[in-house]
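**Q** Let me begin by handing over the structure; questions about it come next.
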Amino acid sequence: MQMRALGRSGLSVPRVVFGGNVFGWTADKAMSFRLLDACVERGLIAIDTADVYSAWVSGHSGGESETLIGEWLQARPGVRDKVLILTKCGMEMPGKGKGLSPAWIATACEASLRRLGIGTIDLYQAHKDDEATPLADTLGAFQTLIQAGKVRAIGSSNYSAARLKAALDLSAAQGLPRFESHQPVYNLMDRGIEADLLPLCKAEEVGIITYSSLASGFLSGKYRTAADLGKSVRGERSVAKHMTEKGMRVLAAVDAVAKRHGVGPAAVALAWQLGRPGITAPIASATSPEQLAELAKAAEITLSAGDMAELDAASA
């Protein structure tokens, strides 16, 4: 699997990062282990998760994904040295805390390390901005973790371009660790970062690992009519908004390109991102080894200039 440098962090990630939000939610323990094993076999060795996954599920309180990853690491001696663990803090952990204050970052990191059963997080990300906490305090807290060997590099997610620029400027001015990656929503249905975040990250050499890369599964081609929305828990929750004239136009273009390359729509939707300057890797999840195999094909194909233009036009 070809690897790409992640900002200036010294870390390299595969062309597709696996999204661990499914672990303990739409994938039970047995399937989660199968998916993680398949990731390693296919070279998809970067696993992205967060402390809050999957607190939105009834009866869950967060930490379920990290816990399953930790159990898998314990059950697979030696595999820790082969994978990169990316996790996040900052979203509300029900009844426990939230935000990016130094105290909460320290508490959240220890809890993540414990659930994961590891000594160091490869990429620790601020899950969303916390404007109530000074950026210097947040970055200083991350610096403490890096100096203690608990974190290798840091990233951000869901920051505005202005706030990310302010954080990068502060890091440079005060010698604080900088966000080496940014994780925004980006896909053929949502290209909002092209106006400001993408140019900023390119100029500052910040890696971009996108989430919702398949628009909550819409770009997999699984959902084409209102009747399809009942196929998964994400249907009405996240996909219905894409069932528009533009959505059908994008799916038609994806289908056409997929047919030419002999792959499924999901592979094309991800490969389009890989062809966009400034994008390091899309994050995508699967709930079966078969789906994962299709995602991996995105790293094996290269879209032509014509393919890219066709997809750009349909999604404009």
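A note on labels: chains of the structure tokens are A, B, ... as shown, every chain counts residues from 1, and ligands are counted from 1 in their shown order.
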Using backbone DSSP assignments, extract all strand (DSSP E) residues from range 151-256 of chain A; output them as a CSV table (one decimal) with C-alpha atoms, in the first residue's frame.

**A**
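Heads up, here's the output in states.csv:
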```csv
chain,number,residue,atom,x,y,z
A,151,VAL,CA,1.4,11.3,21.9
A,152,ARG,CA,3.5,11.4,18.8
A,153,ALA,CA,1.8,14.2,16.8
A,154,ILE,CA,-1.4,16.3,17.0
A,155,GLY,CA,-4.2,17.2,14.6
A,156,SER,CA,-7.4,19.2,14.5
A,157,SER,CA,-10.9,18.5,13.3
A,179,PHE,CA,-1.6,20.7,14.2
A,180,GLU,CA,0.0,18.4,11.6
A,181,SER,CA,-3.3,17.3,10.2
A,182,HIS,CA,-6.8,18.5,9.9
A,183,GLN,CA,-10.0,16.4,9.6
A,207,GLY,CA,-2.2,17.0,6.0
A,208,ILE,CA,-5.9,16.6,5.3
A,209,ILE,CA,-7.6,13.3,6.2
A,210,THR,CA,-11.3,13.8,5.4
```

**Q** Taking 4 positions as the minimum chain separation for residues in the same chain, which residues sit within 9 Å of Trp25 in chain A when counting only C-alpha atoms? Answer as a PyMOL selection string.

**A** chain A and resi 21+53-54+57+64-65

**Q** Of the candidates A:Ala136, A:Ala173, A:Gly264, A:Arg4, which one gets nearest to Ala293 in chain A if we count only C-alpha atoms?

**A**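 Between A:Ala136, A:Ala173, A:Gly264, A:Arg4, the residue approaching Ala293 in chain A most closely is A:Gly264.
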
**Q** May I have all residues of range 120-230 of chain A that DSSP, computed from the backbone, assigns to helix (DSSP H, G or I), given as a count of residues only?

**A** 46

**Q** Give me the residues within 12 Å of Ser160 in chain A as a list of chain:residue names, counting only C-alpha atoms and dropping any in the same chain fewer than 5 places off.

**A**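 Here the qualifying residues turn out to be A:Lys128, A:Asp129, A:Asp130, A:Glu131, A:Lys165, A:Ala166, A:Ala167, A:His182, A:Gln183, A:Pro184, A:Val185, A:Gly192, A:Ile193, A:Ala195, A:Asp196, A:Leu197, A:Leu198, A:Leu200, A:Cys201.
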
**Q** Within 12 Å of range 139-149 of chain A, counting only C-alpha atoms, which residues qualify if same-chain residues fewer than 6 places away don't, as a ChimeraX atom specification?

**A** /A:88-89,100-110,113,118-126,129-130,133,155-156,164,166-172,174-179

**Q** Between CA of Lys82 in chain A and CA of Asp28 in chain A, measure the distance and give it in Å to one decimal.

**A** 23.0 Å

**Q** Can you pull out the residues contacting Tyr186 in chain A? Cut-off 6 Å, using only C-alpha atoms, and skip same-chain residues under 2 positions away; I want them as a list in words.

**A** Asp190, Arg191, Thr210 and Ser213 of chain A

**Q** May I have the residues from that selection written out with all heavy atoms, as a short mmCIF file (atom, residue, chain, number, x, y, z; two decimals), in the first residue's frame?

**A**
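New file out-v2.cif:
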```
data_model
loop_
_atom_site.label_atom_id
_atom_site.label_comp_id
_atom_site.auth_asym_id
_atom_site.auth_seq_id
_atom_site.Cartn_x
_atom_site.Cartn_y
_atom_site.Cartn_z
N ASP A 190 -20.16 17.43 -0.68
CA ASP A 190 -19.84 18.54 0.22
C ASP A 190 -18.38 18.95 0.00
O ASP A 190 -17.46 18.34 0.54
CB ASP A 190 -20.07 18.14 1.68
CG ASP A 190 -19.95 19.33 2.63
OD1 ASP A 190 -19.38 20.37 2.22
OD2 ASP A 190 -20.42 19.23 3.76
N ARG A 191 -18.20 19.99 -0.79
CA ARG A 191 -16.86 20.44 -1.17
C ARG A 191 -16.52 21.79 -0.54
O ARG A 191 -15.69 22.55 -1.04
CB ARG A 191 -16.76 20.51 -2.70
CG ARG A 191 -16.95 19.15 -3.36
CD ARG A 191 -17.01 19.21 -4.89
NE ARG A 191 -15.85 19.84 -5.45
CZ ARG A 191 -15.64 19.96 -6.78
NH1 ARG A 191 -16.53 19.48 -7.63
NH2 ARG A 191 -14.56 20.56 -7.23
N THR A 210 -9.88 13.34 5.42
CA THR A 210 -11.28 13.75 5.39
C THR A 210 -12.19 12.72 6.03
O THR A 210 -11.94 11.52 5.96
CB THR A 210 -11.74 13.97 3.95
OG1 THR A 210 -11.69 12.73 3.23
CG2 THR A 210 -10.86 14.99 3.24
N SER A 213 -16.33 10.76 4.02
CA SER A 213 -15.79 10.73 2.65
C SER A 213 -16.74 10.13 1.65
O SER A 213 -16.65 10.40 0.45
CB SER A 213 -14.46 9.97 2.65
OG SER A 213 -13.57 10.50 3.60
#
```

**Q** One number please: CA of Leu292 in chain A to CA of Ala316 in chain A, in Å, one decimal.

**A**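 That distance, rounded to one decimal, is 27.9 Å.
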
**Q** Near Arg115 in chain A, within 8 Å and counting only C-alpha atoms, which residues show up once chain neighbours fewer than 2 positions away are dropped, as JSON, numbers by chain?

**A** {"A": [63, 66, 67, 70, 111, 112, 113, 117]}

**Q** Identify, on the basis of only C-alpha atoms, every residue whose closest approach to Ser212 in chain A does not exceed 8 Å; exclude the query and any residue fewer than 3 positions from it along the same chain; express the result as a PDB file with all heavy atoms, in the first residue's frame.

**A**
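Dumped to around.pdb:
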```pdb
ATOM      1  N   VAL A 185     -15.115  17.523   7.015  1.00  0.00           N
ATOM      2  CA  VAL A 185     -16.045  16.847   6.110  1.00  0.00           C
ATOM      3  C   VAL A 185     -15.654  17.206   4.678  1.00  0.00           C
ATOM      4  O   VAL A 185     -15.423  18.378   4.369  1.00  0.00           O
ATOM      5  CB  VAL A 185     -17.497  17.316   6.366  1.00  0.00           C
ATOM      6  CG1 VAL A 185     -18.431  16.781   5.289  1.00  0.00           C
ATOM      7  CG2 VAL A 185     -17.973  16.879   7.738  1.00  0.00           C
ATOM      8  N   TYR A 186     -15.554  16.209   3.830  1.00  0.00           N
ATOM      9  CA  TYR A 186     -15.260  16.478   2.415  1.00  0.00           C
ATOM     10  C   TYR A 186     -15.646  15.265   1.592  1.00  0.00           C
ATOM     11  O   TYR A 186     -15.287  14.129   1.925  1.00  0.00           O
ATOM     12  CB  TYR A 186     -13.773  16.782   2.222  1.00  0.00           C
ATOM     13  CG  TYR A 186     -13.414  17.240   0.820  1.00  0.00           C
ATOM     14  CD1 TYR A 186     -13.974  18.394   0.275  1.00  0.00           C
ATOM     15  CD2 TYR A 186     -12.500  16.525   0.050  1.00  0.00           C
ATOM     16  CE1 TYR A 186     -13.632  18.824  -1.007  1.00  0.00           C
ATOM     17  CE2 TYR A 186     -12.143  16.956  -1.231  1.00  0.00           C
ATOM     18  CZ  TYR A 186     -12.712  18.104  -1.757  1.00  0.00           C
ATOM     19  OH  TYR A 186     -12.377  18.524  -3.022  1.00  0.00           O
ATOM     20  N   ASN A 187     -16.399  15.496   0.546  1.00  0.00           N
ATOM     21  CA  ASN A 187     -16.802  14.435  -0.372  1.00  0.00           C
ATOM     22  C   ASN A 187     -17.409  15.080  -1.612  1.00  0.00           C
ATOM     23  O   ASN A 187     -17.518  16.310  -1.687  1.00  0.00           O
ATOM     24  CB  ASN A 187     -17.788  13.472   0.310  1.00  0.00           C
ATOM     25  CG  ASN A 187     -19.009  14.170   0.869  1.00  0.00           C
ATOM     26  OD1 ASN A 187     -19.786  14.771   0.126  1.00  0.00           O
ATOM     27  ND2 ASN A 187     -19.181  14.129   2.202  1.00  0.00           N
ATOM     28  N   ALA A 215     -20.063  10.446   2.133  1.00  0.00           N
ATOM     29  CA  ALA A 215     -21.328  11.121   2.440  1.00  0.00           C
ATOM     30  C   ALA A 215     -22.269  10.176   3.186  1.00  0.00           C
ATOM     31  O   ALA A 215     -23.409   9.946   2.786  1.00  0.00           O
ATOM     32  CB  ALA A 215     -21.986  11.659   1.170  1.00  0.00           C
ATOM     33  N   SER A 216     -21.742   9.615   4.279  1.00  0.00           N
ATOM     34  CA  SER A 216     -22.497   8.685   5.137  1.00  0.00           C
ATOM     35  C   SER A 216     -22.996   7.451   4.384  1.00  0.00           C
ATOM     36  O   SER A 216     -24.001   6.855   4.753  1.00  0.00           O
ATOM     37  CB  SER A 216     -23.676   9.407   5.803  1.00  0.00           C
ATOM     38  OG  SER A 216     -23.218  10.474   6.602  1.00  0.00           O
ATOM     39  N   ILE A 283     -10.956   9.177   5.001  1.00  0.00           N
ATOM     40  CA  ILE A 283     -11.323   8.171   6.000  1.00  0.00           C
ATOM     41  C   ILE A 283     -12.610   7.503   5.523  1.00  0.00           C
ATOM     42  O   ILE A 283     -13.551   8.184   5.109  1.00  0.00           O
ATOM     43  CB  ILE A 283     -11.564   8.813   7.376  1.00  0.00           C
ATOM     44  CG1 ILE A 283     -10.298   9.488   7.890  1.00  0.00           C
ATOM     45  CG2 ILE A 283     -12.054   7.776   8.383  1.00  0.00           C
ATOM     46  CD1 ILE A 283     -10.525  10.356   9.114  1.00  0.00           C
ATOM     47  N   ALA A 284     -12.648   6.196   5.553  1.00  0.00           N
ATOM     48  CA  ALA A 284     -13.856   5.473   5.161  1.00  0.00           C
ATOM     49  C   ALA A 284     -14.002   4.247   6.042  1.00  0.00           C
ATOM     50  O   ALA A 284     -13.017   3.650   6.468  1.00  0.00           O
ATOM     51  CB  ALA A 284     -13.798   5.070   3.689  1.00  0.00           C
TER      52      ALA A 284
END
```

**Q** Hey, which of A:Ala314, A:Ile301, A:Leu274, A:Val79 ends up closest to Glu245 in chain A? Count only C-alpha atoms.

**A** A:Ala314

**Q** With only C-alpha atoms as the atoms that count, which of A:Leu35, A:Met189, A:Met91, A:Leu11 lies nearest to Val52 in chain A?

**A** A:Met91

**Q** Let me make sure I understand: among A:Asp312, A:Asp48, A:Glu294, A:Glu92, which one has the smallest atom-to-atom distance to Arg249 in chain A if we use only C-alpha atoms?

**A**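 The answer is A:Asp312, which sits nearest to Arg249 in chain A.
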
**Q** As an exercise, work out the distance from CA of Pro265 in chain A to CA of Thr244 in chain A in Å and give it to one decimal place.

**A**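 Taking CA of Pro265 in chain A and CA of Thr244 in chain A, their separation equals 17.6 Å.
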
**Q** Using only C-alpha atoms, find the one residue out of A:Thr87, A:Met243, A:Lys297, A:Gly275 that sits nearest to Gly43 in chain A.

**A**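 Under the stated criterion, the closest residue is A:Lys297.
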
**Q** For Leu135 in chain A, which residue out of A:Leu86, A:Arg163, A:Ala46, A:Glu41 is the nearest one, using only C-alpha atoms?

**A** A:Arg163
